[in-house]
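Have a look at the structure below, then the notes.
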Amino acid sequence: MKKLKKILKNFFFVTIPVLLVIFILLEIISRIFFPGKEAPKSIYDEETHIVKYNRDYGTRGLWTAGKFAQQRARWRINNEGWNSPIDFFTEKKPGVKRIAVIGDSYIEAWQVDAEKAYPNLLGDSLGANYEVYRFGVSGAPLSQYLHMSRYVEKKYSPDIYVFNLVHNDFHESINGLMYIPYYLTIKINPDSSFTEVQPVSPERAYNKVPGGRILRMSSFFRYVYYNLNWMEKFKSKKTSAKEVEMNVAVKDVLDRKDSLVAVTRYLIKTIKSELGNKEIIFIMDAPRQNIYKGDLATARISWLNNMAGEVCKENGLPFIDLTPYMQEDYAKNGKKFETEYDGHWSEYGHQFVAHVLYNYFKNTKH
């Protein structure tokens, strides 16, 4: 009994205080030298059926990446729950054209400071006669862009829409291929007709961090969880033999060509039909890794760029394929467009895309 008391005494009066001191020291070191990534909490808005961000969990934060938090960017959740340096308002300013940029994580753009994402850079370049609102959320496919455009049109009524396409936008639009119940998807019926499967609140928490709000307050915990991917150590590692280009399994795409064409036609045709009195522009990322390797001609994922361009052409809509622009720029400057830590655009990438779009607006006499 005495031995047990001694063990308990040591545990409560020695072990716990020592561990607490160590944690406090690690927390201080983390906050000063390698701050853990701060991630806003996403929510499913039951009223609009849109995924955006909860301001109750913070409106500003520091996104970091790398084992030593080498890459850092400041985000800001605005009055309407979107990552943006500016607030969004329903009422429009007289004489000011409103542009809405809709997309996924490339428009959400945690990798750069909020004001350095290309929609905001585009707004700065266009000047006082334009305002650019951006609506981006991670994992959203092209089908969700249609759903988001309905929300944006009803609430903000932009004059111009820019839809930002990336290569995983197409197959993820097909219902059942991914677990994304909180996004609109398209079901292909046996008679080749289409059914829009409406978003629903997910059964599991979206973007949930273990430990909840208390642990989210710890920079050291966030550093271990996000920057070091600590939780991945406890997940089963399965070797994948799939060939991947631009975050897309090539075979999965090529085996579904007919379905992808059909669904893309439905979505772009519907977007045009519903927003026909507005100017609509589609812009699409390039197969960047093939550009860097100098084997663009062998990039099988380029089929998606060509397909999207053809569908836009069928509907009389402008399509900006970034491939030739990025190929020319890389040949000239040798500078990559993404960050070192993931495939998303870096500050240079966002500057580049903003410049391409600015030239488009300039040359089309807006």
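Each chain of the structure tokens is named A, B, ... in the order shown, its residues numbered from 1; ligands are numbered from 1 in display order.
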Backbone-only DSSP, helix (DSSP H, G or I) members of stretch 27-266 of chain A, as a PyMOL selection string: chain A and resi 27-33+55-57+105-108+114-116+118-126+142-156+167-169+171-173+212-216+219-227+230-234+250-254+257-266
Saved selection, atoms kept: C-alpha atoms, as a compact mmCIF listing (two decimals), in the first residue's frame:
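Output saved as selection33.txt:
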```
# COMPACT_ATOMS: atom_id res chain seq x y z
CA GLU A 27 4.32 25.41 -26.88
CA ILE A 28 6.49 28.52 -26.47
CA ILE A 29 9.12 27.18 -28.89
CA SER A 30 6.42 26.29 -31.41
CA ARG A 31 4.77 29.70 -31.26
CA ILE A 32 8.10 31.48 -31.73
CA PHE A 33 9.92 29.27 -34.23
CA ARG A 55 -16.39 32.86 -37.97
CA ASP A 56 -17.06 31.77 -34.39
CA TYR A 57 -13.82 29.76 -34.55
CA SER A 105 -8.97 25.02 -52.96
CA TYR A 106 -7.13 26.97 -55.67
CA ILE A 107 -9.56 29.85 -55.11
CA GLU A 108 -9.76 29.26 -51.37
CA ALA A 114 -5.59 36.44 -48.47
CA GLU A 115 -4.90 39.55 -50.52
CA LYS A 116 -2.42 37.71 -52.77
CA TYR A 118 -5.41 35.83 -57.98
CA PRO A 119 -9.02 37.06 -57.74
CA ASN A 120 -7.88 39.87 -55.45
CA LEU A 121 -4.82 40.61 -57.56
CA LEU A 122 -7.11 40.75 -60.59
CA GLY A 123 -9.37 43.23 -58.80
CA ASP A 124 -6.38 45.40 -57.94
CA SER A 125 -5.24 45.38 -61.57
CA LEU A 126 -8.67 46.16 -63.01
CA LEU A 142 -17.48 21.33 -61.20
CA SER A 143 -20.95 20.12 -60.17
CA GLN A 144 -20.61 22.11 -56.94
CA TYR A 145 -19.60 25.17 -58.94
CA LEU A 146 -23.07 25.04 -60.52
CA HIS A 147 -24.60 24.88 -57.05
CA MET A 148 -22.40 27.72 -55.79
CA SER A 149 -23.28 29.87 -58.83
CA ARG A 150 -26.96 29.59 -57.90
CA TYR A 151 -26.19 30.81 -54.40
CA VAL A 152 -23.93 33.59 -55.71
CA GLU A 153 -26.42 34.74 -58.33
CA LYS A 154 -29.28 34.90 -55.86
CA LYS A 155 -27.32 36.78 -53.22
CA TYR A 156 -24.78 38.91 -55.10
CA HIS A 167 -8.24 18.38 -63.35
CA ASN A 168 -10.10 16.58 -60.56
CA ASP A 169 -13.24 18.70 -61.07
CA HIS A 171 -14.85 12.80 -62.38
CA GLU A 172 -15.64 14.00 -58.84
CA SER A 173 -18.81 15.59 -60.25
CA GLY A 212 -11.95 20.04 -30.50
CA ARG A 213 -11.53 23.67 -29.71
CA ILE A 214 -9.14 23.30 -26.76
CA LEU A 215 -6.46 21.41 -28.69
CA ARG A 216 -6.91 23.75 -31.66
CA SER A 219 0.30 25.75 -31.61
CA PHE A 220 2.38 22.69 -30.73
CA PHE A 221 -0.57 20.32 -31.18
CA ARG A 222 -1.44 21.87 -34.53
CA TYR A 223 2.21 21.63 -35.56
CA VAL A 224 2.32 17.91 -34.77
CA TYR A 225 -1.09 17.19 -36.26
CA TYR A 226 -0.88 19.25 -39.44
CA ASN A 227 2.75 20.05 -40.22
CA TRP A 230 1.36 12.84 -36.92
CA MET A 231 -2.00 11.12 -37.39
CA GLU A 232 -0.82 9.58 -40.64
CA LYS A 233 1.55 7.38 -38.61
CA PHE A 234 -1.47 5.55 -37.25
CA VAL A 250 -5.17 8.75 -65.17
CA LYS A 251 -6.82 5.38 -65.81
CA ASP A 252 -9.93 6.36 -63.84
CA VAL A 253 -10.35 9.34 -66.13
CA LEU A 254 -9.56 7.65 -69.43
CA LYS A 257 -14.33 9.47 -71.09
CA ASP A 258 -17.91 9.17 -72.32
CA SER A 259 -19.37 9.81 -68.87
CA LEU A 260 -17.07 12.75 -68.27
CA VAL A 261 -17.97 14.38 -71.57
CA ALA A 262 -21.69 13.87 -70.92
CA VAL A 263 -21.61 15.25 -67.38
CA THR A 264 -19.39 18.20 -68.36
CA ARG A 265 -21.77 19.04 -71.21
CA TYR A 266 -24.72 18.94 -68.85
```
When you look at A:Arg288 with a cut-off of 9 Å (counting only C-alpha atoms), what residues show up, excluding the ones that are within fewer than 2 positions of it in the same chain? I need them as a compact mmCIF listing (two decimals) with C-alpha atoms, in the first residue's frame.
```
# COMPACT_ATOMS: atom_id res chain seq x y z
CA MET A 246 -2.33 16.55 -61.48
CA ASP A 285 -5.01 24.84 -64.88
CA ALA A 286 -2.26 23.20 -66.94
CA ASN A 290 4.64 17.64 -67.74
CA ILE A 291 5.58 21.21 -68.60
CA TYR A 292 8.48 21.05 -66.12
CA LYS A 293 9.66 17.70 -67.49
CA LEU A 296 3.79 17.95 -72.44
CA THR A 323 -1.26 25.32 -70.67
CA MET A 326 2.49 28.37 -68.46
CA GLN A 327 4.59 26.46 -71.00
CA LYS A 336 7.43 26.76 -61.09
CA PHE A 337 3.88 27.87 -60.34
CA GLU A 338 3.16 25.86 -57.17
```
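Nearest to A:Leu317 of all the residues A:Tyr130, A:Phe163, A:Phe23, A:Phe68 is A:Phe163, based on only C-alpha atoms.
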Spatial neighbours of A:Ser201, max dist 9 Å, only C-alpha atoms, sep filter under 3 positions, as a PyMOL selection string: chain A and resi 44-46+49+181-182+204
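Atom CA of A:Tyr133 is found 27.4 Å from atom CA of A:Glu310.
Every protein or nucleic acid residue with an atom no more than 9 Å from A:Ala308, counting only C-alpha atoms and leaving out same-chain residues fewer than 2 positions away, appears here: Leu165, Val261, Thr264, Arg265, Phe282, Met284, Trp303, Leu304, Asn305, Asn306, Glu310, Val311, Cys312, Lys313 and Phe319 of chain A.
Candidate residues A:Ile160, A:Leu19, A:Leu25, A:Val137 were compared for distance to A:Glu279, and the nearest is A:Ile160, using only C-alpha atoms.
The smallest atom-to-atom distance between A:Thr90 and any of A:Lys41, A:Asn359, A:Asn229, A:Pro158, using only C-alpha atoms, is found for A:Pro158.
Distance annotation: of A:Leu267, A:Val166, A:Val132, A:Ile50, the residue with the minimal separation from A:Ala100 is A:Val132; atom set is only C-alpha atoms.
The closest residue to A:Val248, picked from A:Phe34, A:Phe135, A:Phe170, A:Trp82 and counting only C-alpha atoms, is A:Phe170.
When only C-alpha atoms are used to measure the gap to A:Lys278, the shortest distance among A:Glu340, A:Asp255, A:Glu243, A:Asp159 belongs to A:Asp159.
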